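*Asks:* I'm passing along upload.cif; it holds mmCIF, C-alpha atoms.
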data_input
loop_
_atom_site.label_atom_id
_atom_site.label_comp_id
_atom_site.auth_asym_id
_atom_site.auth_seq_id
_atom_site.Cartn_x
_atom_site.Cartn_y
_atom_site.Cartn_z
CA MET A 176 84.97 91.81 119.28
CA GLU A 177 87.94 91.86 121.60
CA TYR A 178 88.49 94.77 123.99
CA ARG A 179 91.73 95.86 125.60
CA ARG A 180 92.61 98.25 128.39
CA LEU A 181 94.08 101.47 127.04
CA GLY A 182 97.40 101.71 128.85
CA LYS A 183 97.19 102.90 132.44
CA SER A 184 93.64 104.20 132.01
CA GLU A 185 90.43 102.41 132.95
CA LEU A 186 89.19 102.71 129.36
CA ASN A 187 88.49 99.45 127.52
CA VAL A 188 88.62 99.94 123.76
CA SER A 189 87.78 97.65 120.88
CA VAL A 190 90.85 96.17 119.22
CA LEU A 191 89.57 97.72 116.00
CA GLY A 192 88.66 101.40 116.11
CA LEU A 193 87.02 103.63 113.53
CA GLY A 194 89.14 106.47 112.20
CA CYS A 195 86.88 109.41 111.38
CA SER A 196 89.31 111.74 109.61
CA ARG A 197 87.23 111.88 106.42
CA LEU A 198 83.78 112.18 107.98
CA GLY A 199 82.34 115.48 106.85
CA SER A 200 85.31 116.26 104.63
CA VAL A 201 85.05 117.65 101.12
CA THR A 202 86.16 114.29 99.72
CA GLN A 203 83.59 112.21 101.64
CA ALA A 204 80.89 110.76 99.41
CA GLY A 205 77.31 110.31 100.55
CA GLY A 206 77.00 113.15 103.04
CA GLU A 207 75.61 112.78 106.54
CA GLN A 208 73.71 109.58 105.85
CA ALA A 209 76.85 107.80 104.66
CA ALA A 210 78.61 108.93 107.84
CA PHE A 211 75.78 107.67 110.03
CA ARG A 212 75.74 104.34 108.17
CA VAL A 213 79.43 103.63 108.72
CA ILE A 214 79.23 104.64 112.40
CA GLY A 215 76.13 102.45 112.83
CA CYS A 216 77.91 99.56 111.15
CA ALA A 217 80.83 99.98 113.54
CA LEU A 218 78.54 100.04 116.59
CA ASP A 219 76.71 96.93 115.38
CA ALA A 220 80.04 95.12 115.02
CA GLY A 221 81.01 95.95 118.60
CA ILE A 222 83.46 98.75 117.78
CA ASN A 223 83.36 101.21 120.66
CA PHE A 224 86.46 103.33 119.91
CA PHE A 225 86.08 106.33 117.60
CA ASP A 226 88.95 108.61 116.67
CA THR A 227 88.48 112.15 115.35
CA ALA A 228 90.01 115.64 115.61
CA ASP A 229 88.79 119.21 115.66
CA ILE A 230 90.44 119.86 112.28
CA TYR A 231 88.76 116.91 110.49
CA GLY A 232 86.16 118.38 108.18
CA GLN A 233 86.77 121.70 109.99
CA GLY A 234 84.82 120.34 112.95
CA THR A 235 82.16 118.49 110.97
CA SER A 236 83.59 115.07 111.84
CA GLU A 237 83.06 115.76 115.55
CA ILE A 238 79.53 117.07 114.89
CA LEU A 239 78.51 113.96 112.93
CA LEU A 240 80.10 111.63 115.46
CA GLY A 241 78.41 113.42 118.35
CA LYS A 242 75.01 113.05 116.71
CA ALA A 243 75.53 109.40 115.76
CA VAL A 244 76.67 108.09 119.15
CA LYS A 245 74.55 110.27 121.43
CA ALA A 246 72.22 107.37 122.25
CA HIS A 247 75.19 105.05 122.87
CA ARG A 248 77.31 107.38 125.00
CA GLU A 249 77.77 104.96 127.88
CA ARG A 250 79.38 102.30 125.71
CA VAL A 251 81.62 104.33 123.42
CA VAL A 252 85.07 105.82 123.89
CA LEU A 253 85.62 109.07 122.01
CA ALA A 254 89.11 110.32 121.20
CA THR A 255 89.76 113.70 119.64
CA LYS A 256 92.78 115.93 119.01
CA ALA A 257 93.76 119.58 118.77
CA GLY A 258 96.81 121.62 117.95
CA TYR A 259 96.35 122.43 114.28
CA CYS A 260 94.83 125.78 113.42
CA LEU A 261 92.09 126.30 110.87
CA SER A 262 93.62 128.44 108.16
CA VAL A 263 91.90 131.12 106.09
CA MET A 264 91.82 128.68 103.17
CA GLY A 265 90.36 126.02 105.45
CA GLY A 266 87.60 128.37 106.53
CA LEU A 267 86.76 129.15 102.91
CA ALA A 268 86.73 125.43 102.08
CA LYS A 269 84.19 124.86 104.84
CA ARG A 270 81.89 127.54 103.41
CA PHE A 271 82.16 126.19 99.87
CA LYS A 272 81.98 122.44 100.61
CA PRO A 273 78.89 121.80 98.43
CA LEU A 274 80.55 123.49 95.45
CA LEU A 275 83.84 121.64 96.01
CA ARG A 276 82.03 118.29 96.26
CA ARG A 277 80.30 118.92 92.91
CA LEU A 278 83.66 119.81 91.40
CA LEU A 279 85.18 116.59 92.75
CA ARG A 280 82.43 114.51 91.13
CA VAL A 281 83.37 116.02 87.78
CA LYS A 282 87.13 115.96 88.38
CA PRO A 283 88.08 113.40 91.08
CA GLY A 284 91.81 114.18 90.78
CA PHE A 285 91.10 117.64 92.20
CA SER A 286 91.13 116.11 95.70
CA GLN A 287 94.93 115.90 95.60
CA SER A 288 95.12 119.63 94.91
CA ILE A 289 92.81 120.32 97.86
CA GLN A 290 94.98 118.19 100.16
CA LYS A 291 98.17 119.97 99.02
CA VAL A 292 96.65 123.39 99.65
CA ARG A 293 95.41 122.28 103.06
CA ALA A 294 98.83 120.90 104.02
CA ALA A 295 100.55 124.10 102.90
CA GLN A 296 98.20 126.20 105.04
CA ALA A 297 98.60 124.10 108.20
CA ARG A 298 100.06 125.69 111.30
CA GLN A 299 100.02 124.67 114.95
CA ASP A 300 99.38 126.20 118.34
CA PHE A 301 99.79 124.34 121.63
CA SER A 302 99.42 127.32 123.94
CA THR A 303 97.08 126.97 126.91
CA PRO A 304 94.57 129.61 125.70
CA TYR A 305 94.34 127.99 122.27
CA LEU A 306 93.90 124.46 123.62
CA THR A 307 91.30 125.71 126.10
CA GLY A 308 89.15 127.06 123.29
CA ARG A 309 89.58 123.96 121.13
CA ILE A 310 88.70 121.55 123.95
CA GLU A 311 85.57 123.51 124.82
CA ALA A 312 84.55 123.56 121.15
CA SER A 313 85.10 119.78 120.88
CA LEU A 314 82.97 119.19 123.98
CA ARG A 315 80.10 121.09 122.34
CA ARG A 316 80.43 119.37 118.98
CA LEU A 317 80.71 115.88 120.47
CA ARG A 318 77.86 116.61 122.93
CA VAL A 319 79.78 115.33 125.95
CA GLU A 320 80.67 116.72 129.35
CA ALA A 321 84.21 115.30 129.26
CA LEU A 322 86.45 113.99 126.51
CA ASP A 323 87.37 110.35 127.09
CA LEU A 324 90.77 110.77 125.45
CA PHE A 325 92.33 113.98 124.20
CA TYR A 326 95.47 113.97 122.08
CA LEU A 327 97.92 116.69 121.22
CA HIS A 328 97.79 116.60 117.42
CA SER A 329 101.28 115.85 116.05
CA PRO A 330 103.26 118.28 118.21
CA PRO A 331 106.91 118.89 117.28
CA ALA A 332 109.53 117.25 119.48
CA ASP A 333 110.56 120.54 121.13
CA VAL A 334 107.03 121.02 122.49
CA LEU A 335 107.19 117.57 124.07
CA GLU A 336 110.70 118.16 125.42
CA ARG A 337 109.79 121.45 127.11
CA GLY A 338 106.84 119.79 128.82
CA GLU A 339 104.78 122.88 129.73
CA VAL A 340 101.87 121.64 127.63
CA PHE A 341 101.46 118.64 129.92
CA GLU A 342 100.93 120.94 132.89
CA ALA A 343 98.04 122.50 130.96
CA LEU A 344 96.62 119.05 130.19
CA GLU A 345 96.74 118.16 133.87
CA THR A 346 94.78 121.33 134.61
CA PHE A 347 92.14 120.43 132.00
CA LYS A 348 91.90 116.98 133.58
CA ARG A 349 91.40 118.41 137.08
CA GLN A 350 88.70 120.69 135.66
CA GLY A 351 86.83 117.62 134.41
CA LYS A 352 87.10 118.58 130.73
CA LEU A 353 88.95 115.41 129.83
CA ARG A 354 89.35 112.02 131.43
CA HIS A 355 92.70 111.09 129.92
CA TYR A 356 95.21 112.64 127.57
CA GLY A 357 97.89 111.48 125.18
CA VAL A 358 99.83 112.41 122.07
CA SER A 359 99.23 111.65 118.41
CA CYS A 360 102.90 111.41 117.54
CA LEU A 361 104.42 112.88 114.43
CA ALA A 362 107.33 110.40 114.55
CA ALA A 363 107.92 107.09 116.31
CA GLU A 364 110.75 108.50 118.43
CA ASP A 365 108.35 111.09 119.88
CA ALA A 366 106.73 108.26 121.82
CA LEU A 367 109.95 107.98 123.84
CA LEU A 368 109.52 111.61 124.94
CA CYS A 369 105.89 110.92 125.87
CA ALA A 370 106.93 107.93 127.98
CA ARG A 371 108.75 110.32 130.32
CA GLN A 372 105.47 112.04 131.21
CA PRO A 373 103.59 110.14 133.96
CA GLY A 374 100.23 111.63 132.99
CA VAL A 375 100.26 110.45 129.38
CA ALA A 376 97.81 107.55 129.01
CA ALA A 377 98.26 106.73 125.34
CA VAL A 378 100.15 107.51 122.17
CA GLN A 379 98.92 107.25 118.62
CA LEU A 380 101.49 106.14 116.05
CA GLU A 381 101.70 105.43 112.35
CA ILE A 382 102.48 101.72 112.16
CA ASN A 383 102.17 99.50 109.11
CA LEU A 384 104.03 96.94 107.02
CA LEU A 385 105.62 99.71 104.97
CA LYS A 386 106.60 101.87 107.94
CA PRO A 387 107.39 99.50 110.81
CA ASP A 388 109.97 101.63 112.69
CA ALA A 389 107.60 102.19 115.62
CA LEU A 390 107.57 98.44 116.30
CA ALA A 391 111.19 98.45 117.44
CA GLN A 392 111.44 102.03 118.72
CA ALA A 393 108.21 102.85 120.47
CA LEU A 394 106.46 99.64 121.48
CA PRO A 395 109.05 98.42 124.02
CA ALA A 396 109.14 101.83 125.75
CA SER A 397 105.35 102.02 125.74
CA ARG A 398 105.03 98.61 127.32
CA ALA A 399 107.60 99.49 130.01
CA ARG A 400 105.62 102.63 130.97
CA ASP A 401 102.17 101.05 130.50
CA LEU A 402 101.24 103.44 127.70
CA GLY A 403 98.33 102.58 125.48
CA VAL A 404 99.30 102.42 121.79
CA VAL A 405 96.81 103.21 119.04
CA ALA A 406 97.97 102.29 115.54
CA ARG A 407 96.94 104.61 112.72
CA GLN A 408 97.53 104.27 108.97
CA ALA A 409 97.49 100.47 109.32
CA LEU A 410 96.88 100.23 105.57
CA ALA A 411 99.53 102.85 104.73
CA GLY A 412 97.03 105.35 103.42
CA GLY A 413 95.38 102.70 101.23
CA LEU A 414 98.61 101.51 99.59
CA LEU A 415 98.24 98.05 101.12
CA LEU A 416 94.93 97.65 99.33
CA CYS A 417 96.96 97.46 96.10
CA PRO A 418 98.98 94.50 94.74
CA ALA A 419 102.62 94.58 95.80
CA ALA A 420 103.74 94.97 92.19
CA GLU A 421 102.05 98.38 92.08
CA LEU A 422 103.94 99.70 95.12
CA HIS A 423 107.25 101.48 94.83
CA PRO A 424 109.87 102.20 97.51
CA GLU A 425 110.01 105.88 96.60
CA ALA A 426 106.28 106.33 97.23
CA HIS A 427 105.02 108.24 100.23
CA ALA A 428 102.57 107.09 102.89
CA SER A 429 100.98 109.72 105.13
CA GLY A 430 103.64 112.22 104.17
CA GLY A 431 106.45 109.96 105.39
CA GLN A 432 108.84 108.27 102.97
CA PHE A 433 109.04 104.51 103.38
CA GLU A 434 111.98 102.40 102.31
CA ALA A 435 110.92 98.88 101.53
CA GLY A 436 112.41 96.84 98.71
CA GLN A 437 110.06 95.27 96.21
CA SER A 438 111.36 91.86 97.26
CA ARG A 439 110.16 92.37 100.85
CA LEU A 440 106.73 93.45 99.64
CA ALA A 441 106.53 90.46 97.33
CA GLN A 442 107.36 88.15 100.23
CA LEU A 443 104.70 89.77 102.38
CA GLU A 444 102.15 89.34 99.60
CA LYS A 445 103.10 85.68 99.23
CA LEU A 446 102.73 85.21 102.97
CA ALA A 447 99.35 86.97 102.83
CA ALA A 448 98.19 84.51 100.17
CA GLU A 449 99.24 81.61 102.41
CA THR A 450 97.03 82.96 105.18
CA GLY A 451 94.03 83.21 102.86
CA GLY A 452 93.91 86.96 102.32
CA GLY A 453 95.63 90.00 100.87
CA LEU A 454 98.14 92.47 102.19
CA ALA A 455 95.39 94.51 103.85
CA ARG A 456 94.19 91.61 105.99
CA LEU A 457 97.75 90.62 106.85
CA ALA A 458 98.59 94.19 107.85
CA VAL A 459 95.68 94.63 110.23
CA GLN A 460 95.71 91.07 111.58
CA TYR A 461 99.41 91.33 112.42
CA LEU A 462 99.02 94.62 114.32
CA ARG A 463 96.00 93.46 116.28
CA GLN A 464 97.90 90.39 117.48
CA LEU A 465 100.57 92.54 119.11
CA ASP A 466 99.79 92.85 122.81
CA GLU A 467 101.38 96.31 123.02
CA ILE A 468 98.79 97.74 120.63
CA SER A 469 95.48 98.57 122.26
CA SER A 470 93.56 99.39 119.08
CA VAL A 471 94.10 99.48 115.31
CA LEU A 472 92.25 102.25 113.50
CA ILE A 473 90.42 101.51 110.28
CA GLY A 474 89.71 104.74 108.43
CA THR A 475 86.75 104.55 106.09
CA THR A 476 83.54 106.40 105.33
CA ASN A 477 81.97 103.45 103.55
CA ALA A 478 79.95 100.95 105.58
CA GLY A 479 80.44 98.27 102.92
CA HIS A 480 84.22 98.63 103.08
CA LEU A 481 84.14 98.40 106.87
CA GLN A 482 82.07 95.21 106.67
CA GLU A 483 84.61 93.75 104.24
CA HIS A 484 87.44 94.45 106.70
CA LEU A 485 85.46 92.92 109.56
CA ALA A 486 84.63 89.82 107.51
CA ALA A 487 88.26 89.36 106.47
CA LEU A 488 89.44 89.63 110.06
CA ALA A 489 86.84 87.21 111.38
CA GLY A 490 88.95 84.29 110.16
CA PRO A 491 91.70 82.44 112.04
CA PRO A 492 94.52 84.50 113.57
CA LEU A 493 98.00 84.40 112.11
CA SER A 494 99.98 81.39 113.26
CA PRO A 495 103.16 81.74 115.34
CA ASP A 496 105.13 80.76 112.24
CA HIS A 497 103.52 83.48 110.14
CA LEU A 498 104.07 86.05 112.88
CA ALA A 499 107.73 85.11 113.13
CA ARG A 500 108.18 85.41 109.37
CA ILE A 501 106.58 88.86 109.32
CA GLN A 502 108.75 89.97 112.22
CA ALA A 503 111.87 88.74 110.43
CA LEU A 504 110.94 90.69 107.30
CA LEU A 505 110.20 93.86 109.28
CA GLY A 506 113.06 93.57 111.73
CA ALA A 507 110.45 93.74 114.48
CA PRO A 508 110.64 92.34 118.04
CA PRO A 509 108.87 89.01 118.60
CA ALA A 510 105.19 88.84 119.51
CA ASP A 511 103.55 86.22 121.65
CA GLY A 512 100.93 85.51 119.01
CA ARG A 513 98.01 85.54 121.42
CA PRO A 514 94.95 84.75 119.28
CA PRO A 515 92.43 87.57 119.04
CA SER A 516 88.69 87.12 119.06
CA LEU A 517 86.19 88.96 116.89
#
The structure in this file should be written as structure tokens.
*Replies:*
Amino acid sequence: MEYRRLGKSELNVSVLGLGCSRLGSVTQAGGEQAAFRVIGCALDAGINFFDTADIYGQGTSEILLGKAVKAHRERVVLATKAGYCLSVMGGLAKRFKPLLRRLLRVKPGFSQSIQKVRAAQARQDFSTPYLTGRIEASLRRLRVEALDLFYLHSPPADVLERGEVFEALETFKRQGKLRHYGVSCLAAEDALLCARQPGVAAVQLEINLLKPDALAQALPASRARDLGVVARQALAGGLLLCPAAELHPEAHASGGQFEAGQSRLAQLEKLAAETGGGLARLAVQYLRQLDEISSVLIGTTNAGHLQEHLAALAGPPLSPDHLARIQALLGAPPADGRPPSL
């Protein structure tokens, strides 16, 4: 496994990280044991970077992660987020998780209804008192004395522009509650606002073959300011696990509309076949060969699926020619094509 320095911090993170958004959620299958298996699989593969948030599973994701890595604390880097508030509906969902899981087994499509209700109930709070309480709760759930990396969870641009929240983050850092802080950006252009803040160590961005705008907008600015970049939604919410013919430009990935003609997707799929894999492998392999990206998050709760991703990525890196062709299709800046190691 390759490790890279996370921006201006001293943290060295695995080039593949585990996204833990579904650990402990209503839609996660297999319960605690499935969560422990996928985390154990990640640790065995050399993954040391784990990404969660206080809102994931209404705190359960942090609890499970804290339990699973307690014996490995010295070699793992834990990132969490706060800023979203647990709604009344969210609190009820937490109480009735067993019932909701049984309902999902009978009617799997019900998960979309749950997600819509959750999205409709979401609200945010980035005030100092609120963040203080959330950070202290995350410390307890993760069983740590300090958070390695704490993100503001998708703050609106006006919060970033005003800048008061960064003064609070500096205070939390001086208090020893967190080692470094950053922003999980709602939009690629928000990274430009973060680059103005000297204390920001890293930004998390949605970057994938279907939504590549961050490649041209955010990566050059991040490199200039030595910001770590963590890529989320590398598989576009699972869409890149499907054949290109099943994708449509009007579809949505992670709530953001992507505009990609079917011809571009078909060319990417053809290129993926040339490299000996599918769109999913091409998507992750491309991102992990960009020097500006510190880590690419793979979100899964299934140890078998994680092993499949690791096996697919263990092959040869993309050639300079393949990288150039992808960049031409995406309108992305050139990469140096430095081969990764796994």
*Asks:* Please expand the PyMOL selection byres ((chain A and resi 209) around 12) into the concrete residues it hits in this file, giving the result as a ChimeraX atom specification.
*Replies:* /A:197-200,203-208,210-216,239-240,243,475-480
*Asks:* Under the rule that only C-alpha atoms are counted, which of A:His484, A:Phe341, A:Arg349, A:Pro395 is the nearest residue to Leu410 of chain A?
*Replies:*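 Between A:His484, A:Phe341, A:Arg349, A:Pro395, the residue approaching Leu410 of chain A most closely is A:His484.
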*Asks:* Take the PyMOL selection byres ((chain A and resi 443-456) around 7), run it mentally on this structure, and tell me the resulting residues as a list in words.
*Replies:* Leu410, Leu415, Leu416, Ala419, Arg439, Leu440, Ala441, Gln442, Leu457, Ala458, Val459, Gln460, Ala487 and Leu488 of chain A
*Asks:* In Å, how far is it from atom CA of Ser397 of chain A to atom CA of Gln372 of chain A?
*Replies:* 11.4 Å
*Asks:* Between atom CA of Leu317 of chain A and atom CA of Glu237 of chain A, what is the spacing in Å?
*Replies:*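 About the pair atom CA of Glu237 of chain A and atom CA of Leu317 of chain A: they are 5.5 Å apart.
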*Asks:* May I have the protein, DNA and RNA residues with any atom at most 9 Å from the point (102.9, 112.9, 132.6), counting all atoms listed in the file, written as a ChimeraX atom specification?
*Replies:* /A:338,341-342,345,369-376
*Asks:* With distances taken over all atoms listed in the file, which of A:Ala377, A:Val358, A:Lys348, A:Leu324 is nearest to Phe301 of chain A?
*Replies:* A:Val358
*Asks:* Hey, which of A:Leu367, A:Ala220, A:Ala391, A:Ile468 ends up closest to Gly403 of chain A? Count all atoms listed in the file.
*Replies:*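 Answer, going by the shortest atom-to-atom distance: A:Ile468.
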*Asks:* To one decimal in Å, tell me the separation between atom CA of Glu320 of chain A and atom CA of Lys256 of chain A.
*Replies:* 15.9 Å
*Asks:* Please determine, counting only C-alpha atoms, which residue among A:Ile230, A:Leu353, A:Ser302, A:Ser329 has the shortest atom-to-atom distance to Leu253 of chain A.
*Replies:*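 Among A:Ile230, A:Leu353, A:Ser302, A:Ser329, it is A:Leu353 that comes nearest to Leu253 of chain A.
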